[in-house]
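Colleague: Structure file model.txt (compact mmCIF, C-alpha atoms) right here:
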```
# COMPACT_ATOMS: atom_id res chain seq x y z
CA MET X 10 0.00 0.00 0.00
CA THR X 11 1.43 3.37 -0.94
CA GLU X 12 1.91 6.22 1.51
CA GLN X 13 -0.65 8.27 -0.39
CA ALA X 14 -3.22 5.50 -0.10
CA ALA X 15 -2.63 5.20 3.64
CA ARG X 16 -3.16 8.92 4.05
CA GLY X 17 -6.16 9.39 1.81
CA ALA X 18 -8.37 6.34 2.16
CA GLU X 19 -9.95 4.43 4.99
CA PRO X 20 -9.55 0.65 4.86
CA SER X 21 -12.77 -1.14 4.08
CA ARG X 22 -14.77 -2.59 6.94
CA THR X 23 -14.86 -5.91 5.13
CA ARG X 24 -11.12 -6.16 4.63
CA GLU X 25 -9.39 -8.78 6.75
CA SER X 26 -7.44 -7.25 9.60
CA PRO X 27 -3.64 -7.30 9.14
CA LYS X 28 -1.50 -9.52 11.34
CA ALA X 29 1.25 -8.51 13.69
CA HIS X 30 4.39 -10.08 12.32
CA THR X 31 7.27 -7.65 12.80
CA ARG X 32 7.67 -8.05 16.58
CA GLN X 33 6.52 -10.45 19.23
CA ARG X 34 6.48 -10.34 23.00
CA ARG X 35 6.35 -13.23 25.45
CA ALA X 36 5.26 -14.00 28.95
CA PRO X 37 7.89 -14.78 31.56
CA GLY X 38 8.89 -18.41 31.08
CA GLU X 39 7.04 -18.72 27.77
CA PRO X 40 8.78 -19.48 24.48
CA SER X 41 8.85 -16.77 21.83
CA GLY X 42 6.35 -16.92 18.99
CA GLY X 43 3.25 -14.98 19.95
CA ILE X 44 1.56 -12.12 21.73
CA LEU X 45 0.62 -12.49 25.37
CA GLY X 46 -3.15 -12.61 25.75
CA THR X 47 -5.15 -11.38 28.72
CA ASP X 48 -5.44 -14.90 30.16
CA GLY X 49 -1.69 -15.54 30.01
CA THR X 50 -1.82 -17.59 26.81
CA VAL X 51 0.34 -16.73 23.84
CA VAL X 52 -1.63 -15.75 20.75
CA VAL X 53 0.36 -16.30 17.59
CA ASN X 54 0.10 -13.72 14.77
CA ALA X 55 -2.51 -11.58 16.49
CA GLY X 56 -4.04 -8.98 14.22
CA ALA X 57 -5.54 -5.56 14.69
CA ALA X 58 -8.97 -6.86 15.66
CA TYR X 59 -7.55 -9.03 18.43
CA LEU X 60 -5.38 -6.28 19.85
CA ALA X 61 -8.25 -3.79 19.79
CA ARG X 62 -10.59 -6.12 21.67
CA MET X 63 -7.85 -7.06 24.14
CA ASN X 64 -7.20 -3.44 25.06
CA ALA X 65 -10.46 -1.57 24.39
CA GLU X 66 -11.20 -1.26 28.11
CA SER X 67 -7.79 -0.29 29.45
CA SER X 68 -8.02 0.50 33.14
CA SER X 69 -7.97 4.19 33.97
CA SER X 70 -6.16 3.21 37.17
CA ASP X 71 -3.03 2.72 35.09
CA PRO X 72 -0.92 5.87 34.73
CA ILE X 73 -1.67 7.65 31.49
CA ASP X 74 1.98 7.32 30.43
CA ALA X 75 1.71 3.53 30.92
CA VAL X 76 -1.34 3.40 28.66
CA LEU X 77 0.56 5.41 26.06
CA ALA X 78 3.49 2.98 26.30
CA GLU X 79 1.07 0.09 25.65
CA LEU X 80 -0.27 1.86 22.57
CA VAL X 81 3.24 2.47 21.28
CA GLU X 82 4.07 -1.21 21.71
CA GLU X 83 0.89 -2.28 19.94
CA PHE X 84 1.59 0.07 17.02
CA ASP X 85 5.09 -1.40 16.79
CA LEU X 86 3.66 -4.93 16.78
CA LEU X 87 1.47 -4.09 13.82
CA GLY X 88 4.45 -2.91 11.82
CA ASP X 89 3.26 -0.98 8.78
CA TRP X 90 0.78 1.87 8.56
CA GLU X 91 -1.82 -0.20 6.78
CA GLY X 92 -2.04 -2.40 9.87
CA ARG X 93 -1.94 0.54 12.27
CA ILE X 94 -4.75 2.44 10.57
CA GLU X 95 -6.83 -0.73 10.55
CA TYR X 96 -6.11 -1.11 14.27
CA VAL X 97 -7.34 2.44 14.94
CA ILE X 98 -10.55 1.61 13.07
CA GLU X 99 -10.94 -1.57 15.14
CA LEU X 100 -10.75 0.53 18.30
CA GLY X 101 -13.65 2.59 16.99
CA ARG X 102 -15.76 -0.49 16.39
CA ASP X 103 -15.49 -1.33 20.08
CA LEU X 104 -16.83 2.03 21.26
CA ALA X 105 -20.02 1.81 23.29
CA PRO X 106 -23.07 3.12 21.39
CA LEU X 107 -23.74 6.82 21.89
CA ALA X 108 -27.27 7.69 23.00
CA ASP X 109 -29.35 9.84 20.67
CA ALA X 110 -29.68 12.38 23.48
CA ASP X 111 -25.90 12.95 23.26
CA ARG X 112 -25.91 13.50 19.49
CA THR X 113 -26.43 17.23 19.85
CA ASP X 114 -24.87 20.21 18.15
CA ALA X 115 -23.36 21.19 21.49
CA ASN X 116 -21.48 17.88 21.59
CA LYS X 117 -20.19 18.09 18.03
CA VAL X 118 -16.45 18.61 17.68
CA PRO X 119 -15.79 21.41 15.17
CA GLY X 120 -12.92 21.19 12.72
CA CYS X 121 -13.23 17.47 11.96
CA ALA X 122 -13.46 16.00 8.47
CA ALA X 123 -16.52 14.03 9.59
CA GLN X 124 -19.21 14.45 12.22
CA VAL X 125 -17.82 13.65 15.67
CA TRP X 126 -19.81 13.82 18.89
CA LEU X 127 -18.13 13.93 22.29
CA ALA X 128 -20.12 13.85 25.54
CA VAL X 129 -18.64 14.06 29.02
CA ARG X 130 -19.78 12.75 32.39
CA ARG X 131 -18.19 13.79 35.69
CA GLU X 132 -18.19 11.21 38.45
CA GLY X 133 -16.14 11.21 41.64
CA GLY X 134 -13.72 13.85 40.42
CA ARG X 135 -13.04 12.00 37.17
CA LEU X 136 -14.16 12.72 33.62
CA TYR X 137 -15.67 9.98 31.50
CA PHE X 138 -16.11 10.54 27.79
CA LEU X 139 -18.54 8.99 25.33
CA ALA X 140 -18.17 9.51 21.61
CA ASP X 141 -19.17 8.50 18.11
CA SER X 142 -18.60 9.52 14.50
CA ASP X 143 -20.12 8.83 11.11
CA SER X 144 -16.61 8.04 9.81
CA ALA X 145 -14.83 4.80 10.69
CA LEU X 146 -11.41 6.45 10.89
CA SER X 147 -12.59 9.45 12.92
CA LYS X 148 -14.41 7.07 15.25
CA GLY X 149 -11.18 5.13 15.68
CA ASN X 150 -9.22 8.30 16.39
CA ILE X 151 -11.60 9.40 19.13
CA ALA X 152 -11.63 5.86 20.57
CA LEU X 153 -7.85 5.97 20.83
CA LEU X 154 -8.04 9.31 22.66
CA LEU X 155 -10.71 7.98 25.02
CA ARG X 156 -8.44 5.09 25.88
CA LEU X 157 -5.90 7.64 27.06
CA TYR X 158 -8.21 10.20 28.64
CA SER X 159 -11.49 8.68 29.82
CA GLY X 160 -11.70 8.07 33.56
CA ARG X 161 -8.96 10.60 34.36
CA SER X 162 -8.98 13.59 36.64
CA ALA X 163 -8.96 17.04 35.08
CA ALA X 164 -5.41 17.56 36.34
CA GLU X 165 -4.18 14.39 34.62
CA ILE X 166 -5.77 15.46 31.36
CA LEU X 167 -4.34 18.97 31.46
CA THR X 168 -0.78 17.93 32.36
CA PHE X 169 -0.58 15.22 29.68
CA ASP X 170 1.31 16.31 26.55
CA ALA X 171 -1.07 15.07 23.86
CA ARG X 172 0.92 16.52 20.97
CA ALA X 173 4.08 14.65 22.03
CA ALA X 174 2.05 11.47 22.62
CA LEU X 175 0.49 11.51 19.16
CA GLU X 176 3.86 12.25 17.58
CA ARG X 177 5.31 9.30 19.48
CA LEU X 178 2.63 7.11 17.93
CA GLY X 179 3.32 8.72 14.55
CA LEU X 180 -0.40 9.11 13.96
CA PRO X 181 -0.54 12.70 12.62
CA SER X 182 1.94 11.89 9.86
CA ALA X 183 -0.21 8.95 8.72
CA LEU X 184 -3.32 11.10 8.32
CA THR X 185 -4.32 13.74 5.81
CA ARG X 186 -3.88 17.29 7.04
CA GLN X 187 -7.63 17.68 7.49
CA ARG X 188 -7.90 14.51 9.58
CA ALA X 189 -4.82 15.46 11.61
CA ASN X 190 -6.46 18.82 12.31
CA GLY X 191 -9.61 16.96 13.35
CA LEU X 192 -7.58 14.82 15.74
CA ASN X 193 -6.17 17.97 17.33
CA ALA X 194 -9.71 19.37 17.58
CA MET X 195 -10.79 16.25 19.50
CA VAL X 196 -7.90 16.72 21.94
CA GLY X 197 -8.85 20.37 22.28
CA ARG X 198 -12.45 19.51 23.17
CA ILE X 199 -11.28 17.00 25.81
CA ARG X 200 -8.97 19.60 27.35
CA GLU X 201 -11.79 22.14 27.26
CA ALA X 202 -13.96 19.75 29.29
CA ALA X 203 -11.11 19.37 31.80
CA LEU X 204 -10.70 23.15 32.11
CA THR X 205 -14.44 23.50 32.70
CA ALA X 206 -14.25 20.86 35.43
CA VAL X 207 -11.40 22.75 37.14
CA ASP X 208 -13.37 26.01 37.01
CA ARG X 209 -16.33 24.34 38.71
CA GLN X 210 -14.29 22.93 41.59
```
Can you give me the file's structure in the form of structure tokens?
Modeller:
Amino acid sequence: MTEQAARGAEPSRTRESPKAHTRQRRAPGEPSGGILGTDGTVVVNAGAAYLARMNAESSSSDPIDAVLAELVEEFDLLGDWEGRIEYVIELGRDLAPLADADRTDANKVPGCAAQVWLAVRREGGRLYFLADSDSALSKGNIALLLRLYSGRSAAEILTFDARAALERLGLPSALTRQRANGLNAMVGRIREAALTAVDRQ
């Protein structure tokens, strides 16, 4: 797949997910040859769909930098950008459905190539985000951000360097300029919600 194709087109929903084949990790005492699953088994040649399901509900009790490190490792496992973009889309498929009541103009994220809705709930000093999009890739992008941000305190959100994190993943360079701008707009809306939460304390 050419670089231009990776930047300008979303992989089809019907296309088979790519397999992780460039790197492998192993459990202590296990032989090499697969990816460690959540039950301690080694899953050989796990693809984007498997990795997305395995990590869709990452615990917000983990430090945000640890969650970022997991994402970086998963992107490395998938190797090329065709596999990584497909993985992002798989993350979006695992998003919980967004209620119609949250699909309001007030919850729309401006500046995105597609329609993106982002709702926020505040519980026990933490912010929980719900989101959806009418684009598979935009939905995947917001799902990736929610994996980092949802369930965090406002202080955690505001001190996290999102720009550096996304650059570390290499995601902006794999997107068109319009979609990269949309990704930044999503981060901006999340930070805005955190600032509002601080003001209300």
Colleague: When you count all atoms listed in the file, which of these residues is closest to Leu204 (chain X): X:Ala163, X:Cys121, X:Ala115, X:Leu153?
Modeller: X:Ala163
Colleague: Ranking X:Arg177, X:Arg188, X:Arg198, X:Arg209 by minimum distance to Phe138 (chain X) and counting only C-alpha atoms, which one comes first?
Modeller: X:Arg198
Colleague: Go through X:Arg172, X:Arg161, X:Arg130, X:Arg102 one by one, measure the shortest atom-to-atom distance of each to Gly197 (chain X) using only C-alpha atoms, and give the residue with the smallest value.
Modeller: X:Arg172
Colleague: Can you pull out every residue within 12 Å of Ala189 (chain X), counting only C-alpha atoms, but drop anything in the same chain fewer than 3 positions away, and send it as an MDAnalysis selection string?
Modeller: chainID X and resid 16:17 120:123 146:147 150:151 172 175:176 179:186 192:196
Colleague: Go ahead and save the picked residues with C-alpha atoms, as a PDB file, in the frame of the given file.
Modeller:
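Output (again.pdb):
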```pdb
ATOM      1  CA  ARG X  16      -3.160   8.920   4.050  1.00  0.00           C
ATOM      2  CA  GLY X  17      -6.160   9.390   1.810  1.00  0.00           C
ATOM      3  CA  GLY X 120     -12.920  21.190  12.720  1.00  0.00           C
ATOM      4  CA  CYS X 121     -13.230  17.470  11.960  1.00  0.00           C
ATOM      5  CA  ALA X 122     -13.460  16.000   8.470  1.00  0.00           C
ATOM      6  CA  ALA X 123     -16.520  14.030   9.590  1.00  0.00           C
ATOM      7  CA  LEU X 146     -11.410   6.450  10.890  1.00  0.00           C
ATOM      8  CA  SER X 147     -12.590   9.450  12.920  1.00  0.00           C
ATOM      9  CA  ASN X 150      -9.220   8.300  16.390  1.00  0.00           C
ATOM     10  CA  ILE X 151     -11.600   9.400  19.130  1.00  0.00           C
ATOM     11  CA  ARG X 172       0.920  16.520  20.970  1.00  0.00           C
ATOM     12  CA  LEU X 175       0.490  11.510  19.160  1.00  0.00           C
ATOM     13  CA  GLU X 176       3.860  12.250  17.580  1.00  0.00           C
ATOM     14  CA  GLY X 179       3.320   8.720  14.550  1.00  0.00           C
ATOM     15  CA  LEU X 180      -0.400   9.110  13.960  1.00  0.00           C
ATOM     16  CA  PRO X 181      -0.540  12.700  12.620  1.00  0.00           C
ATOM     17  CA  SER X 182       1.940  11.890   9.860  1.00  0.00           C
ATOM     18  CA  ALA X 183      -0.210   8.950   8.720  1.00  0.00           C
ATOM     19  CA  LEU X 184      -3.320  11.100   8.320  1.00  0.00           C
ATOM     20  CA  THR X 185      -4.320  13.740   5.810  1.00  0.00           C
ATOM     21  CA  ARG X 186      -3.880  17.290   7.040  1.00  0.00           C
ATOM     22  CA  LEU X 192      -7.580  14.820  15.740  1.00  0.00           C
ATOM     23  CA  ASN X 193      -6.170  17.970  17.330  1.00  0.00           C
ATOM     24  CA  ALA X 194      -9.710  19.370  17.580  1.00  0.00           C
ATOM     25  CA  MET X 195     -10.790  16.250  19.500  1.00  0.00           C
ATOM     26  CA  VAL X 196      -7.900  16.720  21.940  1.00  0.00           C
TER      27      VAL X 196
END
```
Colleague: Excluding Arg93 (chain X) and residues on its chain fewer than 4 positions from it, collect all residues at most 9 Å away from it, counting all atoms listed in the file, and give them as a list in words.
Modeller: Pro27, Ala57, Glu83, Phe84, Asp85, Leu87, Gly88, Asp89, Val97, Ile98 and Leu180 of chain X
Colleague: State, in Å with one decimal place, the distance from CA of Pro119 (chain X) to CA of Ile166 (chain X).
Modeller: 19.9 Å
Colleague: Calculated over only C-alpha atoms, which of the candidates X:Glu99, X:Ala164, X:Val125, X:Ala78 has the smallest distance to Thr205 (chain X)?
Modeller: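 Checking each of X:Glu99, X:Ala164, X:Val125, X:Ala78 against Thr205 (chain X), counting only C-alpha atoms, the winner is X:Ala164.
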Colleague: Need the shell around Ala206 (chain X): protein/DNA/RNA residues with any atom at most 9 Å away, counting all atoms listed in the file. Skip same-chain ones fewer than 2 positions apart. Format as an MDAnalysis selection string?
Modeller: chainID X and resid 131 134 136 163 201:204 208:210
Colleague: Record the distance separating CA of Gly160 (chain X) and CA of Gly133 (chain X), expressed in Å with one decimal.
Modeller: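 So the two atoms, CA of Gly160 (chain X) and CA of Gly133 (chain X), lie 9.7 Å apart.
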Colleague: Report, in Å with one decimal, the straight-line distance from CA of Thr113 (chain X) to CA of Ala140 (chain X).
Modeller: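 Going from CA of Thr113 (chain X) over to CA of Ala140 (chain X), I get 11.4 Å.
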Colleague: Go through X:Ile94, X:Leu104, X:Ala171, X:Leu127 one by one, measure the shortest atom-to-atom distance of each to Leu157 (chain X) using only C-alpha atoms, and give the residue with the smallest value.
Modeller: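 Ranked by minimum distance to Leu157 (chain X), first place goes to X:Ala171.
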